[in-house]
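K.L.:
Okay, handing you the structure first.
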Amino acid sequence: MDFSKVPAHLWRDYNWQIRNRIRTLEELQNYIKLLPEEIEGIKGTQGLYPMAITPYYLSLMDPDDPQDPVRLQAIPRAVEVDEAIQKKGEPDPLREEGDIPGLTHRYPDRVLMTVTTFCAVYCRHCMRKRIFSEGERARTKEEIDRMISYIKEHEEVRDVLISGGEPLSLGNEKIDYILSELRKIKHVEIIRFGTRLPVLAPQRFFDDELLDILERYSPVWINTHFNHPKEITDLSAEAVDRLLRRGIPVNNQTVLLKGVNDDPETMLELMRSLLMIKVKPQYLFHCDPVKGAIHFRTSLDKGLEIMKFLRGRISGMGIPTYAVDLPGGKGKVPLLPNYVLEREGDRLVFESFSGERVEYTIDEV
Ligand code: SF4
């Protein structure tokens, strides 16, 4: 995709990227020859699962490859609204909707605040795609205050995850307000943002005022969501570097997606590339049974095969935890390939990374 005529100062401007998002079939056709199932998908998902693509993210696509991993994540296909697919899955399999709009309190020590339904790009596999039919709406100050009052009253909450939609799409003033209010609460230790902007519009982090705010309320952590090595670019590396220089750690949560990254070599390259830009691969999530995104699900065996492949080919630092989110909001469960082949009391037989059987006896003194 050729955006070479856009002046660099505009290309590096987050607001320009957002103002110029591609939102309609006609606009998208100016850049890419769409497949019939994409045309049908864009028409069929209107009002239900909207489309928006930043010029930056669009520029990562190979327009000649119908199976391009960026394309599959950003351009709707008819399968999303296919009757058989729509019958499967649930809009909210993790039961995030609680009593206070925007607040989920699942684990005792952690809460999730969803502060907006706006996203720079609407990812086709999104676990929260149910919220996008509401239109692009940020929570009001009153709604934010209600969430903050709840957190104040619950002394067991030590960790607040701010998410969306895209939480860092809020204006700096609002972000500053939320962080300053949270930091007034003694029992809140960790504040995290779940943001995909390093992937979809890394220009957001070229704003020193935003970085000043994030730094001021330390410890603030970033959880981001790179799914494919193609998403690691000079601009995303620069965004991460700017965050790290302000003492803001960046961890990654990949979702295992059929056709996008369900291949051991691709996943290895992704994990290696993440380490190269100093992002810690934290989770590899099995794709949730989300209505409208079921077609991205792989088997569990595929995830385990990938995990087994990674071990021995990259240091432990680059190996994420493979996890399934249990239905009904029951939390995450880590999954590991089986490395214990036999066990008899203190005598175990393990499978090594290279497939050897190795005996190991525990001599507990
Ligand atoms: S940026 Fe995150 S919240 Fe927004 S659509 Fe993508 S995955 Fe969903």
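Numbering starts fresh at 1 for the residues of each chain in the structure tokens, the chains themselves are lettered A, B, ... in the order given, and ligands are numbered from 1 as they appear.
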I need the residues in range 168-363 of chain A that are alpha helix (DSSP H) according to DSSP; give them as number ranges by chain.
P.N.:
A: 172-183, 197-200, 208-216, 234-245, 264-276, 300-310
K.L.:
Show me which residues line ligand 1, defined as having an atom within 8 Å of a ligand atom where only C-alpha atoms and all ligand atoms count, and present them as a list in words.
P.N.:
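Those residues are Thr117, Phe118, Cys119, Ala120, Val121, Tyr122, Cys123, Arg124, His125, Cys126, Met127, Arg128, Lys129, Ser163, Gly164, Gly165, Glu166, Gly194, Thr195, Arg196, Leu197, Leu200 and His225 of chain A.
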K.L.:
May I have the selected residues written with C-alpha atoms, as a CSV table (one decimal), in the first residue's frame?
P.N.:
```csv
chain,number,residue,atom,x,y,z
A,117,THR,CA,-15.9,2.1,22.9
A,118,PHE,CA,-13.6,3.9,20.5
A,119,CYS,CA,-10.8,2.0,18.7
A,120,ALA,CA,-8.3,3.2,16.1
A,121,VAL,CA,-8.9,0.0,14.2
A,122,TYR,CA,-11.8,-2.4,14.9
A,123,CYS,CA,-10.0,-5.8,15.0
A,124,ARG,CA,-12.2,-8.5,13.6
A,125,HIS,CA,-11.2,-11.0,16.3
A,126,CYS,CA,-11.9,-8.6,19.2
A,127,MET,CA,-13.3,-10.3,22.4
A,128,ARG,CA,-15.3,-7.1,23.1
A,129,LYS,CA,-16.8,-6.7,19.6
A,163,SER,CA,-9.1,-0.8,28.9
A,164,GLY,CA,-11.8,-0.2,26.2
A,165,GLY,CA,-12.0,0.0,23.3
A,166,GLU,CA,-8.9,2.0,23.2
A,194,GLY,CA,-4.6,-2.5,27.8
A,195,THR,CA,-3.8,-0.7,24.6
A,196,ARG,CA,-3.3,-1.7,21.0
A,197,LEU,CA,-2.1,1.6,19.8
A,200,LEU,CA,-2.5,0.2,15.2
A,225,HIS,CA,-1.3,-6.8,21.6
```
K.L.:
Excluding same-chain residues fewer than 2 positions from range 135-138 of chain A, what lies within 12 Å of it counting only C-alpha atoms, as JSON, numbers by chain?
P.N.:
{"A": [46, 47, 48, 49, 50, 51, 52, 101, 102, 113, 114, 115, 116, 117, 118, 119, 120, 121, 122, 129, 130, 131, 132, 133, 140, 141, 142, 143, 144, 163, 164, 165, 166, 167, 168, 169, 170, 171, 174, 175]}
K.L.:
Please write the residues from the selection above to a file, keeping N, CA and C atoms, as a compact mmCIF listing (two decimals), in the first residue's frame.
P.N.:
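Here's the written file again-v6.txt:
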```txt
# COMPACT_ATOMS: atom_id res chain seq x y z
N GLN A 46 -22.18 -3.82 8.87
CA GLN A 46 -22.48 -2.40 9.17
C GLN A 46 -23.44 -2.28 10.35
N GLY A 47 -23.11 -1.42 11.28
CA GLY A 47 -23.98 -1.18 12.42
C GLY A 47 -23.84 -2.23 13.51
N LEU A 48 -23.18 -3.34 13.17
CA LEU A 48 -23.03 -4.43 14.15
C LEU A 48 -21.59 -4.47 14.64
N TYR A 49 -20.69 -4.71 13.68
CA TYR A 49 -19.26 -4.72 13.97
C TYR A 49 -18.60 -3.76 12.98
N PRO A 50 -18.45 -2.51 13.34
CA PRO A 50 -17.99 -1.51 12.36
C PRO A 50 -16.57 -1.76 11.87
N MET A 51 -16.21 -1.04 10.83
CA MET A 51 -14.85 -1.11 10.29
C MET A 51 -14.19 0.25 10.44
N ALA A 52 -12.96 0.26 10.85
CA ALA A 52 -12.13 1.47 10.80
C ALA A 52 -10.68 0.98 10.71
N PRO A 101 -21.61 0.26 35.26
CA PRO A 101 -21.23 0.27 33.84
C PRO A 101 -19.74 0.54 33.68
N GLY A 102 -19.08 -0.35 32.95
CA GLY A 102 -17.67 -0.15 32.65
C GLY A 102 -16.73 -0.80 33.65
N MET A 113 -11.43 -1.48 34.15
CA MET A 113 -12.27 -0.31 33.80
C MET A 113 -12.30 -0.22 32.28
N THR A 114 -13.48 -0.23 31.68
CA THR A 114 -13.54 0.01 30.23
C THR A 114 -14.06 1.43 30.03
N VAL A 115 -13.20 2.28 29.46
CA VAL A 115 -13.47 3.72 29.50
C VAL A 115 -13.98 4.31 28.19
N THR A 116 -13.98 3.50 27.13
CA THR A 116 -14.48 4.00 25.84
C THR A 116 -14.79 2.83 24.92
N THR A 117 -15.67 3.08 23.95
CA THR A 117 -15.92 2.05 22.92
C THR A 117 -15.16 2.38 21.63
N PHE A 118 -14.38 3.45 21.66
CA PHE A 118 -13.63 3.88 20.46
C PHE A 118 -12.38 3.02 20.28
N CYS A 119 -12.10 2.64 19.04
CA CYS A 119 -10.80 2.02 18.72
C CYS A 119 -10.27 2.63 17.44
N ALA A 120 -8.95 2.68 17.34
CA ALA A 120 -8.32 3.22 16.13
C ALA A 120 -8.66 2.31 14.94
N VAL A 121 -8.57 1.00 15.20
CA VAL A 121 -8.93 -0.03 14.21
C VAL A 121 -9.88 -0.98 14.95
N TYR A 122 -10.92 -1.43 14.27
CA TYR A 122 -11.79 -2.44 14.89
C TYR A 122 -11.31 -3.82 14.44
N LYS A 129 -16.16 -7.26 20.79
CA LYS A 129 -16.80 -6.65 19.62
C LYS A 129 -18.27 -6.35 19.85
N ARG A 130 -18.85 -6.93 20.91
CA ARG A 130 -20.25 -6.63 21.24
C ARG A 130 -20.46 -5.14 21.52
N ILE A 131 -19.42 -4.44 21.99
CA ILE A 131 -19.63 -3.05 22.43
C ILE A 131 -19.59 -2.07 21.26
N PHE A 132 -19.13 -2.52 20.10
CA PHE A 132 -18.91 -1.57 19.03
C PHE A 132 -20.20 -1.13 18.33
N SER A 133 -21.28 -1.92 18.50
CA SER A 133 -22.55 -1.50 17.89
C SER A 133 -23.11 -0.29 18.62
N THR A 140 -18.53 9.05 30.46
CA THR A 140 -18.62 10.42 30.97
C THR A 140 -17.84 10.54 32.27
N LYS A 141 -17.65 11.76 32.72
CA LYS A 141 -16.94 11.98 33.98
C LYS A 141 -17.71 11.31 35.13
N GLU A 142 -19.04 11.39 35.06
CA GLU A 142 -19.87 10.80 36.13
C GLU A 142 -19.66 9.28 36.16
N GLU A 143 -19.60 8.67 34.99
CA GLU A 143 -19.41 7.21 34.95
C GLU A 143 -18.02 6.84 35.48
N ILE A 144 -17.03 7.63 35.11
CA ILE A 144 -15.66 7.37 35.60
C ILE A 144 -15.64 7.54 37.12
N SER A 163 -9.01 -0.27 30.21
CA SER A 163 -9.09 -0.80 28.86
C SER A 163 -10.24 -0.13 28.12
N GLY A 164 -10.69 -0.76 27.03
CA GLY A 164 -11.77 -0.15 26.23
C GLY A 164 -12.48 -1.24 25.47
N GLY A 165 -12.61 -1.00 24.23
CA GLY A 165 -12.05 -0.01 23.33
C GLY A 165 -10.58 0.35 23.63
N GLU A 166 -10.25 1.50 23.16
CA GLU A 166 -8.87 1.96 23.23
C GLU A 166 -8.74 3.07 24.28
N PRO A 167 -8.24 2.74 25.47
CA PRO A 167 -8.22 3.73 26.55
C PRO A 167 -7.33 4.94 26.26
N LEU A 168 -6.24 4.72 25.52
CA LEU A 168 -5.34 5.86 25.28
C LEU A 168 -5.81 6.72 24.11
N SER A 169 -7.01 6.42 23.60
CA SER A 169 -7.62 7.34 22.62
C SER A 169 -8.28 8.51 23.36
N LEU A 170 -8.47 8.39 24.66
CA LEU A 170 -9.01 9.52 25.42
C LEU A 170 -8.02 10.68 25.34
N GLY A 171 -8.54 11.88 25.53
CA GLY A 171 -7.65 13.04 25.53
C GLY A 171 -6.73 13.01 26.74
N LYS A 174 -8.26 13.87 30.17
CA LYS A 174 -9.09 12.84 30.80
C LYS A 174 -8.21 11.70 31.36
N ILE A 175 -7.17 11.37 30.63
CA ILE A 175 -6.25 10.32 31.11
C ILE A 175 -5.60 10.80 32.41
```
K.L.:
Choose the residue, out of A:Val255, A:Ile32, A:Met147, A:Ile100, that has the smallest atom-to-atom separation from Glu181 in chain A; count only C-alpha atoms.
P.N.:
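Between A:Val255, A:Ile32, A:Met147, A:Ile100, the residue approaching Glu181 in chain A most closely is A:Met147.
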K.L.:
Mind checking which residues fall within 12 Å of Gln29 in chain A, counting only C-alpha atoms, ignoring those fewer than 4 positions away in the same chain, and posting them as a ChimeraX atom specification?
P.N.:
/A:1,22-25,33-36,38-39,42,58,63,75
K.L.:
DSSP on the backbone: which residues in range 57-214 of chain A end up as strand (DSSP E or B)? Give the answer as number ranges by chain.
P.N.:
A: 90, 103-104, 110-114, 116, 138, 159-163, 190-194
K.L.:
Do a neighbour search on Glu40 in chain A at 7 Å with only C-alpha atoms, toss out local chain neighbours closer than 3 positions, and write the hits as an NGL selection string.
P.N.:
:A and (36-37 or 43-44 or 77-78)
K.L.:
One decimal, in Å: what's the spacing between CA of Arg216 in chain A and CA of Trp16 in chain A?
P.N.:
26.5 Å
K.L.:
Neighbours of Lys88 in chain A within 7 Å (only C-alpha atoms; same-chain residues fewer than 3 positions away dropped), as a ChimeraX atom specification?
P.N.:
/A:84-85,291
K.L.:
Name all residues at most 8 Å from Ala323 in chain A (count only C-alpha atoms; drop same-chain ones fewer than 5 positions away) and give them as a tab-separated table (two decimals) with C-alpha atoms, in the first residue's frame.
P.N.:
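Here's the written file part36.tsv:
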```tsv
chain	number	residue	atom	x	y	z
A	283	TYR	CA	0.39	-14.35	27.25
A	284	LEU	CA	-0.64	-16.35	24.24
A	285	PHE	CA	-4.41	-16.47	24.64
A	286	HIS	CA	-6.55	-19.14	23.14
A	332	LYS	CA	-7.52	-17.74	33.21
A	333	VAL	CA	-5.98	-21.20	33.24
A	334	PRO	CA	-2.41	-21.73	31.96
A	335	LEU	CA	-1.83	-24.67	29.63
```
K.L.:
Which residue, A:Tyr150, A:Tyr31, A:Phe193, A:Tyr322, has the smallest gap to Gly303 in chain A when you use only C-alpha atoms?
P.N.:
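Between A:Tyr150, A:Tyr31, A:Phe193, A:Tyr322, the residue approaching Gly303 in chain A most closely is A:Tyr322.
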